[in-house]
Amino acid sequence: MPIVWAGEVTPKMKASAFAYARATSVANALELLTAHGEKAKVLSGGQSLLPAMNLRLIAPELVVDISELAELRGVVVKGGVLTIGALTRHVDLLKSPEIAAHAPLLRDAVTHVAHPAIRNRGTIGGSLAQADPASELPACMLTLGATIVVCGPSGERRIAANQFFAGIYETALTPQELLVAVELPVIPKSSTHFFHEFARRHGDYAIVGLAAQALVKDGQFADLRLGFFAVGDRPLLAKSAGKLVDVAVTPAVLAEASSALNDELDPLEDQQATPTMRRHLAKVLLTRCVSSLLARPDLCTGASA
Amino acid sequence: MTAAVAISLSVNGERIEANILPRLNLADFLREHLKLTGTHVGCEHGVCGACTVRVNGDIVRSCLMLAVQTHNATVETIEGLSDSGEIADLQSAFRERNALQCGFCTPGMLMAAQDLLKQSASLDREQIREHLSGNYCRCTGYQAIVDAIETTAQARSGRLP
């Protein structure tokens with residue numbers, strides 16, 4: 001049978017014309033952003049910006065390329081704080097001994113971010129500033145209690161992660177500001193974590209995902225932070241986690257937490273999943289997470305997806 | 001500033017000087033300006049992997065990098081890896097195992113596979129699949145591609161079947 005190419009001809013996708021400025025320093029980048037504001041876009045790794053430009057979803061007049069600013073790349077631990085420069089690439093997070101020791105949740109999360117060729121360019125600052133509700137790192141920032149450090153014309157601002165994400169592709173950043181770093185408190189040695197997401201294919205954006213960090217003492221949670229993603233217009237630090245802390249977790253307690261979680265979710269519909277499916281998968285993740293962190297396989301019976 | 005920007009870079013060991021518009025991506029620069037058409041342009045938004053090249057030793061999507069960003073960089077394409085003989089064994093394994101049909105994805109597959117083979121020679125099939133998860137093939141069903149890479153890994157580590 002001959003192959004019939006029935007689809008319409010798809011036009012080539014190219015970015016529209018724009019001016020380009022290679023920033024020579026953070027101060028220089030801020031000058032450019034102050035002058036051009038909303039007409040400019042910051043280019044770091046380009047792994048979200050350039051697809052959007054190729055698809056003509058956005059057409060900035062000016063692209064401010066900060067990717068050569070070496071001072072914004074790297075991981076430093078000092079005085080109980082892990083500071084990650086905005087231009088630290090996903091591959092750097094994967095390979096960093098500091099991340100492995102002090103924020104292993106991030107390392108696990110990054111293995112789910114796209115593919116090696118994209119992780120070689122994509123940056124943590126870019127991912128957070130993009131604020132895709134289905135991406136992994138914003139949820140990790142909520143879970144880990146990060147502070148987002150931004151610079152603007154009037155100096156530095158420090159924004160708690162739970163105040164930073166404002167909606168789909170929306171953050172507390174103004175067009176004149178540049179995200180320069182994130183700071184994470186070093187996790188206690190006894191802290192444990194869980195990361196899992198459901199996706200159609202490895203490396204795709206998640207249908208639903210969960211980044212969790214916990215302190216377990218004598219078979220109970222002394223602390224539990226649950227950062228869900230792709231369950232609404234922004235990542236969610238679930239308050240229902242509180243129902244599982246300092247109690248003996250029984251199937252009834254877990255069911256109550258699960259029901260409370262359901263009330264917190266506001267999932268969107270897209271071509272990947274319906275809101276109902278997302279609610280179901282979020283509950284499956286909660287059950288698996290609690291079961292895994294408490295080493296209680298008995299809690300997992302019946303949780304299938 | 002919308003005017004052409006001067007760049008100087010190394011492509012497959014050759015020094016290249018060019019004046020290009022900022023909107024030109026690296027894939028189009030390689031194909032249209034340098035006539036290195038082994039780098040294929042598929043989805044143009046980073047999903048299919050057909051445009052995979054190396055920049056400063058790391059594999060990247062050339063559709064998701066502006067050509068102006070390669071100023072002072074070292075770029076290697078499938079032509080470079082092929083001509084130098086670096087992947088001769090891998091290409092041979094692809095041929096022998098019929099790991100390609102139409103060949104559109106093959107340059108990207110080879111770039112991604114060689115990147116993995118350089119990192120480790122003891123690979124299991126799961127690791128191979130994971131590393132190639134960002135490279136789409138619409139013909140082979142991947143099985144033969146994984147076979148060819150596995151065989152190459154074994155041969156390179158002296159564990160030839």
# chains A, B, ... in the order shown; residues from 1 in each chain; ligands from 1
call {"tool": "residues_around", "arguments": {"residues": "Ser122 in chain B", "least_positions_apart": "6", "cutoff": "8 Å", "atoms": "only C-alpha atoms", "output": "number ranges by chain"}}
result
B: 153-154, 157
call {"tool": "interface_residues", "arguments": {"of": "chain B", "to": "chain A", "cutoff": "6 Å", "atoms": "only C-alpha atoms", "output": "CSV table (one decimal) with C-alpha atoms, in the first residue's frame"}}
result
chain,number,residue,atom,x,y,z
B,1,MET,CA,21.2,45.5,17.3
B,2,THR,CA,18.9,43.5,14.9
B,22,PRO,CA,20.5,36.5,15.8
B,23,ARG,CA,17.3,34.5,14.9
B,45,HIS,CA,11.3,22.5,19.4
B,59,ILE,CA,25.6,16.9,23.1
B,60,VAL,CA,22.9,19.6,22.6
B,64,LEU,CA,17.5,25.0,20.7
B,134,GLY,CA,15.0,12.0,23.6
call {"tool": "residues_around", "arguments": {"residues": "Asp28 in chain B", "least_positions_apart": "4", "cutoff": "8 Å", "atoms": "only C-alpha atoms", "output": "NGL selection string"}}
result
:B and (24 or 32-33 or 41 or 63)
call {"tool": "select_by_dssp", "arguments": {"residues": "range 69-194 of chain A", "states": "strand (DSSP E or B)", "output": "VMD selection string"}}
result
chain A and resid 75 to 78 81 to 85 89 123 147 to 152 155 to 160 165 to 167 170 to 171 178 to 185 192 to 194
call {"tool": "closest_residue", "arguments": {"among": "B:Gly42, B:Phe104, B:His131, B:Gly49", "to": "Gln119 in chain B", "atoms": "only C-alpha atoms"}}
result
B:His131
call {"tool": "residues_around", "arguments": {"residues": "Val68 in chain B", "least_positions_apart": "2", "cutoff": "8 Å", "atoms": "only C-alpha atoms", "output": "NGL selection string"}}
result
:B and (5-7 or 20-22 or 24 or 66 or 70-71)
call {"tool": "residues_around", "arguments": {"residues": "Glu14 in chain B", "least_positions_apart": "2", "cutoff": "12 Å", "atoms": "only C-alpha atoms", "output": "ChimeraX atom specification"}}
result
/B:8-12,16-17,34,73-77,80
call {"tool": "residues_around", "arguments": {"residues": "Ala101 in chain A", "least_positions_apart": "5", "cutoff": "12 Å", "atoms": "only C-alpha atoms", "output": "PyMOL selection string"}}
result
chain A and resi 75+77+82+93-96+106-107+186-192
call {"tool": "residues_around", "arguments": {"residues": "Ser259 in chain A", "least_positions_apart": "3", "cutoff": "12 Å", "atoms": "only C-alpha atoms", "output": "list of chain:residue names"}}
result
A:Ala238, A:Lys239, A:Ser240, A:Ala241, A:Lys243, A:Ala252, A:Val253, A:Leu254, A:Ala255, A:Glu256, A:Asn262, A:Asp263, A:Glu264, A:Leu265, A:Arg279, A:His280, A:Ala282, A:Lys283, A:Val284, A:Leu286, A:Thr287
call {"tool": "closest_residue", "arguments": {"among": "B:Ile149, B:Ala155, B:Ala4, B:Leu116", "to": "Arg95 in chain B", "atoms": "only C-alpha atoms"}}
result
B:Ile149
call {"tool": "closest_residue", "arguments": {"among": "A:Val81, A:Val231, A:Ala181, A:Cys140", "to": "Asp266 in chain A", "atoms": "only C-alpha atoms"}}
result
A:Val231
call {"tool": "select_by_dssp", "arguments": {"residues": "range 121-225 of chain A", "states": "helix (DSSP H, G or I)", "output": "JSON, numbers by chain"}}
result
{"A": [124, 125, 126, 127, 128, 129, 130, 136, 137, 138, 139, 140, 141, 142, 143, 161, 162, 163, 164]}
call {"tool": "write_last_selection", "arguments": {"atoms": "N, CA, C and O atoms", "output": "PDB file, in the first residue's frame"}}
result
ATOM      1  N   ILE A 124      18.807  25.778  36.213  1.00  0.00           N
ATOM      2  CA  ILE A 124      17.803  25.808  37.295  1.00  0.00           C
ATOM      3  C   ILE A 124      17.090  27.157  37.314  1.00  0.00           C
ATOM      4  O   ILE A 124      15.869  27.215  37.472  1.00  0.00           O
ATOM      5  N   GLY A 125      17.834  28.236  37.082  1.00  0.00           N
ATOM      6  CA  GLY A 125      17.207  29.561  37.094  1.00  0.00           C
ATOM      7  C   GLY A 125      16.187  29.690  35.979  1.00  0.00           C
ATOM      8  O   GLY A 125      15.100  30.240  36.169  1.00  0.00           O
ATOM      9  N   GLY A 126      16.540  29.174  34.812  1.00  0.00           N
ATOM     10  CA  GLY A 126      15.628  29.213  33.668  1.00  0.00           C
ATOM     11  C   GLY A 126      14.355  28.437  33.955  1.00  0.00           C
ATOM     12  O   GLY A 126      13.246  28.899  33.663  1.00  0.00           O
ATOM     13  N   SER A 127      14.512  27.263  34.550  1.00  0.00           N
ATOM     14  CA  SER A 127      13.353  26.428  34.850  1.00  0.00           C
ATOM     15  C   SER A 127      12.427  27.114  35.848  1.00  0.00           C
ATOM     16  O   SER A 127      11.200  27.094  35.686  1.00  0.00           O
ATOM     17  N   LEU A 128      13.004  27.755  36.870  1.00  0.00           N
ATOM     18  CA  LEU A 128      12.176  28.412  37.892  1.00  0.00           C
ATOM     19  C   LEU A 128      11.508  29.664  37.331  1.00  0.00           C
ATOM     20  O   LEU A 128      10.334  29.932  37.601  1.00  0.00           O
ATOM     21  N   ALA A 129      12.248  30.438  36.531  1.00  0.00           N
ATOM     22  CA  ALA A 129      11.677  31.660  35.961  1.00  0.00           C
ATOM     23  C   ALA A 129      10.596  31.327  34.940  1.00  0.00           C
ATOM     24  O   ALA A 129       9.628  32.071  34.774  1.00  0.00           O
ATOM     25  N   GLN A 130      10.738  30.192  34.266  1.00  0.00           N
ATOM     26  CA  GLN A 130       9.737  29.761  33.291  1.00  0.00           C
ATOM     27  C   GLN A 130       8.443  29.368  33.996  1.00  0.00           C
ATOM     28  O   GLN A 130       7.356  29.616  33.521  1.00  0.00           O
ATOM     29  N   GLU A 136       9.553  19.904  37.215  1.00  0.00           N
ATOM     30  CA  GLU A 136       9.952  19.275  38.469  1.00  0.00           C
ATOM     31  C   GLU A 136      10.558  20.245  39.482  1.00  0.00           C
ATOM     32  O   GLU A 136      10.257  20.188  40.674  1.00  0.00           O
ATOM     33  N   LEU A 137      11.469  21.112  39.005  1.00  0.00           N
ATOM     34  CA  LEU A 137      12.264  21.886  39.955  1.00  0.00           C
ATOM     35  C   LEU A 137      11.455  22.900  40.777  1.00  0.00           C
ATOM     36  O   LEU A 137      11.739  23.083  41.966  1.00  0.00           O
ATOM     37  N   PRO A 138      10.442  23.574  40.196  1.00  0.00           N
ATOM     38  CA  PRO A 138       9.653  24.477  41.039  1.00  0.00           C
ATOM     39  C   PRO A 138       9.045  23.761  42.252  1.00  0.00           C
ATOM     40  O   PRO A 138       9.095  24.284  43.368  1.00  0.00           O
ATOM     41  N   ALA A 139       8.506  22.564  42.039  1.00  0.00           N
ATOM     42  CA  ALA A 139       7.919  21.817  43.166  1.00  0.00           C
ATOM     43  C   ALA A 139       8.995  21.468  44.195  1.00  0.00           C
ATOM     44  O   ALA A 139       8.759  21.551  45.408  1.00  0.00           O
ATOM     45  N   CYS A 140      10.185  21.103  43.723  1.00  0.00           N
ATOM     46  CA  CYS A 140      11.281  20.791  44.654  1.00  0.00           C
ATOM     47  C   CYS A 140      11.631  22.004  45.505  1.00  0.00           C
ATOM     48  O   CYS A 140      11.979  21.877  46.680  1.00  0.00           O
ATOM     49  N   MET A 141      11.555  23.197  44.920  1.00  0.00           N
ATOM     50  CA  MET A 141      11.870  24.408  45.675  1.00  0.00           C
ATOM     51  C   MET A 141      10.885  24.596  46.835  1.00  0.00           C
ATOM     52  O   MET A 141      11.269  25.005  47.929  1.00  0.00           O
ATOM     53  N   LEU A 142       9.604  24.290  46.598  1.00  0.00           N
ATOM     54  CA  LEU A 142       8.609  24.380  47.675  1.00  0.00           C
ATOM     55  C   LEU A 142       8.915  23.350  48.750  1.00  0.00           C
ATOM     56  O   LEU A 142       8.912  23.644  49.949  1.00  0.00           O
ATOM     57  N   THR A 143       9.174  22.129  48.302  1.00  0.00           N
ATOM     58  CA  THR A 143       9.437  21.043  49.245  1.00  0.00           C
ATOM     59  C   THR A 143      10.650  21.347  50.116  1.00  0.00           C
ATOM     60  O   THR A 143      10.650  21.077  51.312  1.00  0.00           O
ATOM     61  N   ALA A 161      10.031  30.538  48.214  1.00  0.00           N
ATOM     62  CA  ALA A 161       9.526  29.786  47.053  1.00  0.00           C
ATOM     63  C   ALA A 161       8.006  29.786  47.021  1.00  0.00           C
ATOM     64  O   ALA A 161       7.405  29.879  45.953  1.00  0.00           O
ATOM     65  N   ASN A 162       7.360  29.696  48.218  1.00  0.00           N
ATOM     66  CA  ASN A 162       5.891  29.621  48.204  1.00  0.00           C
ATOM     67  C   ASN A 162       5.232  30.961  47.846  1.00  0.00           C
ATOM     68  O   ASN A 162       4.017  31.036  47.685  1.00  0.00           O
ATOM     69  N   GLN A 163       6.045  32.025  47.737  1.00  0.00           N
ATOM     70  CA  GLN A 163       5.529  33.321  47.274  1.00  0.00           C
ATOM     71  C   GLN A 163       5.934  33.603  45.826  1.00  0.00           C
ATOM     72  O   GLN A 163       5.538  34.605  45.252  1.00  0.00           O
ATOM     73  N   PHE A 164       6.779  32.732  45.275  1.00  0.00           N
ATOM     74  CA  PHE A 164       7.396  33.037  43.978  1.00  0.00           C
ATOM     75  C   PHE A 164       6.534  32.627  42.787  1.00  0.00           C
ATOM     76  O   PHE A 164       6.429  33.354  41.807  1.00  0.00           O
TER      77      PHE A 164
END
call {"tool": "atom_distance", "arguments": {"atom1": "CA of Thr83 in chain A", "atom2": "CA of Ala211 in chain A"}}
result
19.5 Å
call {"tool": "atom_distance", "arguments": {"atom1": "CA of Arg296 in chain A", "atom2": "CA of Lys217 in chain A"}}
result
13.8 Å
